[in-house]
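Comments concern the structure below.
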Amino acid sequence: MATLDAMRTNKELLVKGIKFIGYTTGVMFLAPFTIYQAFKNEDHPAYIPVLVIGLLLAITAIGLGFYTIKIFMDALFGKKEKE
């Protein structure tokens with residue numbers, strides 16, 4: 001039987017999750033902006049590198065989003081312990 005102490009929120013993980021929300025939000029806005037700039041300048045020699053950077057930022061935003069959700073779930077519900 002779990003005690004109330006085991007069900008409390010891990011404040012350190014919660015703060016870490018809030019920081020990662022900031023990182024994720026920043027990358028979520030930066031990725032579409034970079035992709036838009038690449039498509040706006042298709043005749044520029046740096047078109048392909050900028051597009052690749054934008055796509056990598058978009059993939060990073062998705063990964064950070066899932067990782068941030070995982071951090072919040074661990075902070076609120078605790079890590080699953082193996083028996």
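Each chain in the structure tokens gets a letter, A, B, ..., in the order shown, and its residues are numbered from 1; ligands are numbered from 1 in order too.
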
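The environment of range 26-43 of chain A within 8 Å, counting only C-alpha atoms and disregarding residues fewer than 2 places along the same chain, consists of Gly22, Tyr23, Thr24, Pro45, Tyr47, Ile48, Val50, Leu51, Ile53, Gly54, Leu55, Leu56, Leu57, Ala58, Thr60 and Ala61 of chain A.
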
Go ahead and dump the residues you just picked, C-alpha atoms, as a PDB file, in the first residue's frame.
```pdb
ATOM      1  CA  GLY A  22      10.387  26.870 -22.750  1.00  0.00           C
ATOM      2  CA  TYR A  23      12.928  25.045 -24.914  1.00  0.00           C
ATOM      3  CA  THR A  24      10.195  23.153 -26.739  1.00  0.00           C
ATOM      4  CA  PRO A  45      22.446  28.945 -52.850  1.00  0.00           C
ATOM      5  CA  TYR A  47      18.278  26.938 -49.820  1.00  0.00           C
ATOM      6  CA  ILE A  48      19.043  23.260 -49.162  1.00  0.00           C
ATOM      7  CA  VAL A  50      18.488  26.095 -44.466  1.00  0.00           C
ATOM      8  CA  LEU A  51      15.700  23.665 -45.362  1.00  0.00           C
ATOM      9  CA  ILE A  53      18.203  22.815 -40.626  1.00  0.00           C
ATOM     10  CA  GLY A  54      14.489  23.686 -40.481  1.00  0.00           C
ATOM     11  CA  LEU A  55      13.473  20.041 -40.867  1.00  0.00           C
ATOM     12  CA  LEU A  56      15.929  18.976 -38.163  1.00  0.00           C
ATOM     13  CA  LEU A  57      14.498  21.658 -35.874  1.00  0.00           C
ATOM     14  CA  ALA A  58      10.981  20.360 -36.576  1.00  0.00           C
ATOM     15  CA  THR A  60      13.730  18.125 -32.557  1.00  0.00           C
ATOM     16  CA  ALA A  61      10.557  19.992 -31.565  1.00  0.00           C
TER      17      ALA A  61
END
```

| field | Those of chain A in DSSP alpha helix (DSSP H), formatted as number ranges by chain | value | A: 11-40, 47-77

| field | Selection near Ile21 in chain A, 8 Å with only C-alpha atoms, sequence-local residues under 3 positions removed, as an NGL selection string | value | :A and (17-18 or 24-25 or 65 or 68)

File of the preceding selection, C-alpha atoms, as a PDB file, in the first residue's frame:
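Below is the file that was written, part18.pdb:
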```
ATOM      1  CA  GLY A  17       9.659  20.124 -17.071  1.00  0.00           C
ATOM      2  CA  ILE A  18       8.819  23.834 -17.017  1.00  0.00           C
ATOM      3  CA  THR A  24      10.195  23.153 -26.739  1.00  0.00           C
ATOM      4  CA  THR A  25       8.152  26.290 -27.393  1.00  0.00           C
ATOM      5  CA  GLY A  65       7.517  17.643 -26.886  1.00  0.00           C
ATOM      6  CA  THR A  68       8.651  17.158 -21.867  1.00  0.00           C
TER       7      THR A  68
END
```

Using only C-alpha atoms, find each residue in range 2-45 of chain A having at least one atom no more than 10 Å away from range 74-78 of chain A; report its shortest atom-to-atom pair and that distance in Å (one decimal), rows by chain then rising number, as a tab-separated table.
```
residue	atom	partner	partner_atom	distance
A:Ala6	CA	A:Gly78	CA	7.9
A:Met7	CA	A:Phe77	CA	6.7
A:Arg8	CA	A:Leu76	CA	7.3
A:Thr9	CA	A:Leu76	CA	4.9
A:Asn10	CA	A:Ala75	CA	4.8
A:Lys11	CA	A:Ala75	CA	7.0
A:Glu12	CA	A:Ala75	CA	7.9
A:Leu13	CA	A:Ala75	CA	5.1
A:Leu14	CA	A:Ala75	CA	5.5
A:Val15	CA	A:Ala75	CA	9.1
A:Lys16	CA	A:Ala75	CA	9.1
A:Gly17	CA	A:Ala75	CA	8.2
```

Just C-alpha atoms for this one: save the residues we selected as a JSON list (two decimals), in the first residue's frame.
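Dumped to part00.json:
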```json
[["chain", "number", "residue", "atom", "x", "y", "z"],
["A", 6, "ALA", "CA", 4.97, 8.35, -2.38],
["A", 7, "MET", "CA", 2.21, 10.20, -4.21],
["A", 8, "ARG", "CA", 3.60, 13.73, -3.85],
["A", 9, "THR", "CA", 4.81, 15.79, -6.77],
["A", 10, "ASN", "CA", 8.54, 15.77, -7.43],
["A", 11, "LYS", "CA", 9.22, 19.51, -7.48],
["A", 12, "GLU", "CA", 12.71, 19.17, -9.01],
["A", 13, "LEU", "CA", 11.32, 17.27, -11.98],
["A", 14, "LEU", "CA", 8.44, 19.73, -12.26],
["A", 15, "VAL", "CA", 10.86, 22.67, -12.54],
["A", 16, "LYS", "CA", 12.88, 20.70, -15.11],
["A", 17, "GLY", "CA", 9.66, 20.12, -17.07]]
```
